[in-house]
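Raw target_16.cif, mmCIF, C-alpha atoms:
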```cif
data_structure
loop_
_atom_site.group_PDB
_atom_site.id
_atom_site.type_symbol
_atom_site.label_atom_id
_atom_site.label_comp_id
_atom_site.auth_asym_id
_atom_site.auth_seq_id
_atom_site.Cartn_x
_atom_site.Cartn_y
_atom_site.Cartn_z
ATOM 1 C CA MET A 1 46.408 48.017 -14.608
ATOM 2 C CA ARG A 2 48.961 47.701 -17.354
ATOM 3 C CA ARG A 3 47.638 47.735 -20.888
ATOM 4 C CA SER A 4 49.753 44.748 -21.829
ATOM 5 C CA ASP A 5 47.827 42.550 -19.426
ATOM 6 C CA PRO A 6 45.309 40.191 -20.971
ATOM 7 C CA PRO A 7 41.895 41.846 -20.949
ATOM 8 C CA ASP A 8 39.436 41.094 -18.221
ATOM 9 C CA PRO A 9 36.821 38.848 -19.890
ATOM 10 C CA SER A 10 34.069 41.196 -18.786
ATOM 11 C CA VAL A 11 35.379 43.905 -21.074
ATOM 12 C CA ASP A 12 36.407 41.622 -23.894
ATOM 13 C CA THR A 13 33.868 43.143 -26.207
ATOM 14 C CA ASP A 14 35.324 42.374 -29.606
ATOM 15 C CA ARG A 15 33.928 38.906 -29.871
ATOM 16 C CA SER A 16 31.018 38.312 -32.211
ATOM 17 C CA ALA A 17 30.081 41.960 -32.413
ATOM 18 C CA SER A 18 28.057 41.763 -35.612
ATOM 19 C CA GLY A 19 26.355 39.176 -37.760
ATOM 20 C CA ILE A 20 24.781 37.371 -34.827
ATOM 21 C CA ARG A 21 21.667 35.552 -35.981
ATOM 22 C CA CYS A 22 18.459 37.262 -34.937
ATOM 23 C CA PRO A 23 16.298 34.891 -32.867
ATOM 24 C CA TYR A 24 13.112 36.377 -34.331
ATOM 25 C CA CYS A 25 13.649 36.549 -38.087
ATOM 26 C CA GLU A 26 16.916 34.620 -38.354
ATOM 27 C CA GLY A 27 18.494 37.504 -40.219
ATOM 28 C CA THR A 28 22.183 38.130 -39.764
ATOM 29 C CA ASN A 29 22.224 41.797 -40.653
ATOM 30 C CA THR A 30 22.702 42.661 -37.023
ATOM 31 C CA ASN A 31 24.881 44.840 -34.859
ATOM 32 C CA ARG A 32 25.747 44.745 -31.246
ATOM 33 C CA GLU A 33 24.343 47.825 -29.602
ATOM 34 C CA HIS A 34 25.970 47.286 -26.269
ATOM 35 C CA PRO A 35 28.354 44.708 -24.786
ATOM 36 C CA LYS A 36 26.314 44.477 -21.614
ATOM 37 C CA GLY A 37 22.790 43.158 -21.462
ATOM 38 C CA PRO A 38 20.188 42.588 -18.778
ATOM 39 C CA SER A 39 22.483 40.082 -17.145
ATOM 40 C CA LEU A 40 26.223 39.666 -17.122
ATOM 41 C CA CYS A 41 26.164 36.824 -19.619
ATOM 42 C CA ARG A 42 24.085 38.669 -22.232
ATOM 43 C CA SER A 43 24.699 41.514 -24.656
ATOM 44 C CA MET A 44 22.289 43.741 -26.566
ATOM 45 C CA HIS A 45 21.967 43.564 -30.347
ATOM 46 C CA PHE A 46 19.811 45.093 -33.039
ATOM 47 C CA CYS A 47 18.458 43.377 -36.132
ATOM 48 C CA HIS A 48 18.285 45.588 -39.214
ATOM 49 C CA ASP A 49 16.108 43.073 -41.052
ATOM 50 C CA CYS A 50 13.167 43.015 -38.672
ATOM 51 C CA GLU A 51 14.216 46.132 -36.771
ATOM 52 C CA GLU A 52 13.971 44.471 -33.415
ATOM 53 C CA PRO A 53 16.423 44.552 -30.569
ATOM 54 C CA PHE A 54 17.444 41.186 -29.175
ATOM 55 C CA GLU A 55 19.817 39.664 -26.683
ATOM 56 C CA ALA A 56 22.646 37.264 -27.252
ATOM 57 C CA LEU A 57 24.544 35.133 -24.827
ATOM 58 C CA ARG A 58 28.149 36.115 -24.624
ATOM 59 C CA MET B 1 59.890 31.468 -41.660
ATOM 60 C CA PRO B 2 58.750 27.924 -41.013
ATOM 61 C CA ASP B 3 55.330 26.986 -42.325
ATOM 62 C CA ASN B 4 53.978 26.096 -38.921
ATOM 63 C CA PRO B 5 55.483 28.341 -36.302
ATOM 64 C CA SER B 6 54.886 27.143 -32.772
ATOM 65 C CA PRO B 7 52.419 29.326 -30.880
ATOM 66 C CA SER B 8 54.049 31.884 -28.676
ATOM 67 C CA VAL B 9 53.501 31.599 -24.954
ATOM 68 C CA GLU B 10 52.910 34.835 -23.137
ATOM 69 C CA SER B 11 54.919 34.998 -19.941
ATOM 70 C CA PRO B 12 53.378 32.005 -18.185
ATOM 71 C CA ASP B 13 55.321 32.619 -14.981
ATOM 72 C CA GLU B 14 54.139 36.149 -14.480
ATOM 73 C CA PRO B 15 51.712 36.226 -11.542
ATOM 74 C CA GLN B 16 48.258 37.497 -12.379
ATOM 75 C CA THR B 17 47.068 40.238 -10.130
ATOM 76 C CA GLY B 18 44.192 42.617 -10.185
ATOM 77 C CA TYR B 19 41.585 40.189 -11.477
ATOM 78 C CA CYS B 20 39.046 38.040 -9.759
ATOM 79 C CA PRO B 21 41.039 35.718 -7.504
ATOM 80 C CA TYR B 22 38.610 32.866 -8.118
ATOM 81 C CA THR B 23 39.339 32.692 -11.779
ATOM 82 C CA GLN B 24 42.222 31.040 -13.486
ATOM 83 C CA TYR B 25 42.598 33.116 -16.602
ATOM 84 C CA GLU B 26 45.407 31.172 -18.138
ATOM 85 C CA TYR B 27 44.318 27.809 -19.346
ATOM 86 C CA GLU B 28 44.663 25.519 -22.278
ATOM 87 C CA ARG B 29 41.971 26.312 -24.775
ATOM 88 C CA ASP B 30 42.441 23.039 -26.603
ATOM 89 C CA GLY B 31 42.034 19.613 -25.178
ATOM 90 C CA THR B 32 40.809 20.371 -21.685
ATOM 91 C CA ALA B 33 37.154 20.606 -22.541
ATOM 92 C CA ASP B 34 36.782 17.506 -24.664
ATOM 93 C CA ASP B 35 34.408 15.779 -22.272
ATOM 94 C CA LEU B 36 32.389 18.884 -21.546
ATOM 95 C CA PRO B 37 29.663 19.700 -21.211
ATOM 96 C CA ALA B 38 28.707 16.747 -19.065
ATOM 97 C CA THR B 39 25.129 15.769 -19.754
ATOM 98 C CA GLY B 40 24.892 12.421 -17.996
ATOM 99 C CA GLU B 41 24.080 10.601 -21.220
ATOM 100 C CA SER B 42 25.507 7.287 -20.086
ATOM 101 C CA ALA B 43 24.350 7.576 -16.483
ATOM 102 C CA ARG B 44 22.321 4.718 -15.052
ATOM 103 C CA GLY B 45 20.533 4.016 -11.806
ATOM 104 C CA LEU B 46 20.921 6.569 -9.037
ATOM 105 C CA LYS B 47 23.206 8.691 -11.187
ATOM 106 C CA ARG B 48 20.499 8.810 -13.842
ATOM 107 C CA SER B 49 18.047 10.106 -11.229
ATOM 108 C CA VAL B 50 20.519 12.766 -10.143
ATOM 109 C CA TRP B 51 20.979 13.947 -13.719
ATOM 110 C CA GLU B 52 17.225 14.057 -14.202
ATOM 111 C CA ALA B 53 16.958 16.234 -11.117
ATOM 112 C CA LEU B 54 19.667 18.518 -12.501
ATOM 113 C CA TYR B 55 17.754 18.893 -15.752
ATOM 114 C CA GLU B 56 14.909 20.315 -13.668
ATOM 115 C CA VAL B 57 17.053 23.146 -12.296
ATOM 116 C CA GLU B 58 16.639 26.178 -14.496
ATOM 117 C CA ASP B 59 18.505 29.407 -14.863
ATOM 118 C CA PRO B 60 16.562 32.042 -12.891
ATOM 119 C CA GLU B 61 16.179 34.295 -15.925
ATOM 120 C CA MET B 62 16.051 32.025 -18.922
ATOM 121 C CA PRO B 63 14.130 28.837 -19.686
ATOM 122 C CA ILE B 64 17.165 26.615 -19.835
ATOM 123 C CA SER B 65 18.362 23.975 -17.403
ATOM 124 C CA VAL B 66 21.771 24.182 -15.810
ATOM 125 C CA VAL B 67 22.665 21.014 -17.718
ATOM 126 C CA ASP B 68 21.689 22.396 -21.124
ATOM 127 C CA LEU B 69 23.537 25.573 -20.291
ATOM 128 C CA GLY B 70 26.644 23.446 -19.832
ATOM 129 C CA LEU B 71 27.232 24.437 -16.231
ATOM 130 C CA ILE B 72 27.516 20.914 -14.843
ATOM 131 C CA TYR B 73 31.005 19.516 -15.140
ATOM 132 C CA GLY B 74 30.493 16.236 -13.336
ATOM 133 C CA VAL B 75 28.536 14.130 -10.878
ATOM 134 C CA GLU B 76 30.196 11.738 -8.460
ATOM 135 C CA ILE B 77 28.353 9.437 -6.141
ATOM 136 C CA GLU B 78 29.765 7.641 -3.127
ATOM 137 C CA ALA B 79 27.193 5.552 -1.336
ATOM 138 C CA ASP B 80 24.400 8.080 -0.812
ATOM 139 C CA HIS B 81 26.584 11.188 -0.956
ATOM 140 C CA VAL B 82 26.591 13.159 -4.173
ATOM 141 C CA LEU B 83 29.211 15.625 -5.325
ATOM 142 C CA VAL B 84 28.299 17.927 -8.174
ATOM 143 C CA GLU B 85 30.995 19.935 -9.911
ATOM 144 C CA MET B 86 29.670 22.943 -11.702
ATOM 145 C CA THR B 87 30.641 26.342 -12.986
ATOM 146 C CA LEU B 88 28.801 29.553 -13.766
ATOM 147 C CA THR B 89 28.723 31.531 -16.964
ATOM 148 C CA TYR B 90 30.412 34.373 -15.192
ATOM 149 C CA THR B 91 32.485 34.619 -12.034
ATOM 150 C CA GLY B 92 30.425 37.554 -10.837
ATOM 151 C CA CYS B 93 27.102 35.894 -11.611
ATOM 152 C CA PRO B 94 24.547 37.423 -9.226
ATOM 153 C CA ALA B 95 22.602 34.170 -9.231
ATOM 154 C CA ARG B 96 25.522 32.279 -7.718
ATOM 155 C CA GLU B 97 23.947 31.456 -4.358
ATOM 156 C CA MET B 98 20.582 30.754 -5.909
ATOM 157 C CA LEU B 99 21.930 28.342 -8.481
ATOM 158 C CA LEU B 100 24.161 26.530 -6.024
ATOM 159 C CA SER B 101 21.382 26.029 -3.506
ATOM 160 C CA ASP B 102 18.878 25.091 -6.221
ATOM 161 C CA VAL B 103 21.246 22.407 -7.466
ATOM 162 C CA GLN B 104 21.910 21.127 -3.980
ATOM 163 C CA SER B 105 18.275 20.908 -2.960
ATOM 164 C CA ALA B 106 17.215 19.379 -6.274
ATOM 165 C CA VAL B 107 19.769 16.601 -5.878
ATOM 166 C CA GLU B 108 18.988 16.085 -2.202
ATOM 167 C CA ALA B 109 15.334 15.630 -3.141
ATOM 168 C CA VAL B 110 16.276 12.562 -5.177
ATOM 169 C CA GLU B 111 15.288 9.317 -3.524
ATOM 170 C CA ASP B 112 18.247 7.454 -1.984
ATOM 171 C CA VAL B 113 20.410 10.567 -1.869
ATOM 172 C CA GLU B 114 21.460 11.467 1.661
ATOM 173 C CA ASP B 115 23.234 14.721 0.926
ATOM 174 C CA CYS B 116 24.719 16.672 -1.908
ATOM 175 C CA SER B 117 27.632 19.043 -1.966
ATOM 176 C CA VAL B 118 28.251 21.381 -4.842
ATOM 177 C CA ARG B 119 31.766 22.316 -5.800
ATOM 178 C CA LEU B 120 32.136 25.454 -7.850
ATOM 179 C CA VAL B 121 34.991 25.308 -10.330
ATOM 180 C CA TRP B 122 36.223 27.821 -12.891
ATOM 181 C CA THR B 123 38.509 25.635 -14.929
ATOM 182 C CA PRO B 124 37.964 25.013 -17.716
ATOM 183 C CA GLU B 125 36.237 28.291 -18.291
ATOM 184 C CA TRP B 126 32.628 28.025 -19.362
ATOM 185 C CA SER B 127 32.076 28.906 -22.982
ATOM 186 C CA LEU B 128 29.154 29.239 -25.357
ATOM 187 C CA GLU B 129 30.142 25.933 -26.894
ATOM 188 C CA PHE B 130 28.990 24.144 -23.759
ATOM 189 C CA ILE B 131 25.359 24.971 -24.466
ATOM 190 C CA THR B 132 23.581 21.887 -25.783
ATOM 191 C CA GLU B 133 21.546 21.938 -28.965
ATOM 192 C CA ASP B 134 18.327 21.657 -26.952
ATOM 193 C CA GLY B 135 19.506 24.538 -24.816
ATOM 194 C CA ALA B 136 20.351 26.744 -27.778
ATOM 195 C CA ASN B 137 16.938 26.065 -29.315
ATOM 196 C CA ALA B 138 15.191 26.905 -26.057
ATOM 197 C CA LEU B 139 17.106 30.167 -25.766
ATOM 198 C CA GLU B 140 16.387 31.187 -29.342
ATOM 199 C CA SER B 141 12.679 30.582 -28.844
ATOM 200 C CA PHE B 142 12.946 32.753 -25.767
ATOM 201 C CA GLY B 143 14.541 35.553 -27.799
ATOM 202 C CA VAL B 144 18.160 35.135 -26.826
ATOM 203 C CA SER B 145 20.559 34.383 -29.632
ATOM 204 C CA VAL B 146 23.382 31.912 -29.091
ATOM 205 C CA PRO B 147 26.259 32.935 -31.355
#
```
Please re-express this file's structure in structure tokens.
Amino acid sequence: MRRSDPPDPSVDTDRSASGIRCPYCEGTNTNREHPKGPSLCRSMHFCHDCEEPFEALR
Amino acid sequence: MPDNPSPSVESPDEPQTGYCPYTQYEYERDGTADDLPATGESARGLKRSVWEALYEVEDPEMPISVVDLGLIYGVEIEADHVLVEMTLTYTGCPAREMLLSDVQSAVEAVEDVEDCSVRLVWTPEWSLEFITEDGANALESFGVSVP
């Protein structure tokens, strides 16, 4: 696959990588830990405010 | 340089190969999704009943209906035949067969509906913006953030 091709959406991992609102404490001091989550439409994040991992739809 | 340069178009004629053949990756981001998601707000009568049945169909992993998730693109009714147009969040969604058959049987369970066919479409591409406010709230309570 040529690099100049548009990225496959499944590996388009740049979107919304940090600052996602934590569903537990509503903090936004968060980071994405991994682009893939328990299902294809979710990614794994970590909240530094409440120190909980959470999922986000992607 | 002009103040408002026209957006550049990236080789629209170049055939796309190597990706999922079911997906149209090149699409207009603006304008095509104005009437989506379809939520059946103005539906009356039999159509109303069909939409209510669709609201009962939930994602297999999350407490959100396929309507609130923004998967339903339209409902058409001809006599007692129903056609539902829907998409999935992801072309490779492992719940594809489950969701399609859940939608079909939910609609066919509606009184006065003879049969229902479900047409899977990928254009316009589903996006997070299609999730309704109710849906986003349900997901956040469940522990899934909706950016």
Please evaluate the PyMOL selection byres ((chain A) within 6 of (chain B)) against the displayed coordinates and give the resulting residues as a ChimeraX atom specification.
-> /A:20,23,55-57
So what does the PyMOL selection byres ((chain B and resi 74) around 7) actually pick up in this one, as a PyMOL selection string?
-> chain B and resi 38+72-73+75-76+84-86
Can you list, as a list of chain:residue names, the residues that the PyMOL selection byres ((chain A and resi 36-42) around 6) selects here?
->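 Checking the PyMOL selection byres ((chain A and resi 36-42) around 6) against this file, the residues are A:His34, A:Pro35, A:Ser43, A:Met44, A:Ala56, A:Leu57, A:Arg58.
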Find the residues around range 109-120 of chain B up to 10 Å (only C-alpha atoms counted), leave out those fewer than 4 positions away in its own chain, and share them as a ChimeraX atom specification.
-> /B:22,46-47,49-53,71-88,96,100-101,103-105
Could you please take those selected residues and save C-alpha atoms as a compact mmCIF listing (two decimals), keeping the file's coordinate frame?
```
# COMPACT_ATOMS: atom_id res chain seq x y z
CA TYR B 22 38.61 32.87 -8.12
CA LEU B 46 20.92 6.57 -9.04
CA LYS B 47 23.21 8.69 -11.19
CA SER B 49 18.05 10.11 -11.23
CA VAL B 50 20.52 12.77 -10.14
CA TRP B 51 20.98 13.95 -13.72
CA GLU B 52 17.23 14.06 -14.20
CA ALA B 53 16.96 16.23 -11.12
CA LEU B 71 27.23 24.44 -16.23
CA ILE B 72 27.52 20.91 -14.84
CA TYR B 73 31.00 19.52 -15.14
CA GLY B 74 30.49 16.24 -13.34
CA VAL B 75 28.54 14.13 -10.88
CA GLU B 76 30.20 11.74 -8.46
CA ILE B 77 28.35 9.44 -6.14
CA GLU B 78 29.76 7.64 -3.13
CA ALA B 79 27.19 5.55 -1.34
CA ASP B 80 24.40 8.08 -0.81
CA HIS B 81 26.58 11.19 -0.96
CA VAL B 82 26.59 13.16 -4.17
CA LEU B 83 29.21 15.62 -5.32
CA VAL B 84 28.30 17.93 -8.17
CA GLU B 85 31.00 19.93 -9.91
CA MET B 86 29.67 22.94 -11.70
CA THR B 87 30.64 26.34 -12.99
CA LEU B 88 28.80 29.55 -13.77
CA ARG B 96 25.52 32.28 -7.72
CA LEU B 100 24.16 26.53 -6.02
CA SER B 101 21.38 26.03 -3.51
CA VAL B 103 21.25 22.41 -7.47
CA GLN B 104 21.91 21.13 -3.98
CA SER B 105 18.27 20.91 -2.96
```
Arg32 in chain A: which residues within 9 Å, counting only C-alpha atoms, same-chain residues fewer than 5 positions away excluded, as a list in words?
-> Ser16, Ala17, Ser18, Gly19, Ile20, Ser43, Met44, His45, Phe46 and Cys47 of chain A
By how many Å are CA of Asp68 in chain B and CA of Thr132 in chain B apart?
-> 5.1 Å
What gap, in Å, lies between CA of Asp134 in chain B and CA of Pro63 in chain B?
->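 Computing it gives 11.0 Å between the two atoms.
The coordinates place CA of Thr28 in chain A at 10.3 Å from CA of Cys50 in chain A.
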For a cut-off of 6 Å around (21.4, 44.8, -42.3), file coordinates, pick out all residues using all atoms listed in the file and list them as a ChimeraX atom specification.
-> /A:29-30,48-49
Residues near Tyr55 in chain B, cut-off 7 Å, all atoms listed in the file, skip fewer than 5 positions along chain, as a list of chain:residue names | B:Ser65, B:Val66, B:Val67
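Closest approach to Pro124 in chain B among B:Glu58, B:Glu97, B:Val107, B:Gly70: B:Gly70, based on only C-alpha atoms.
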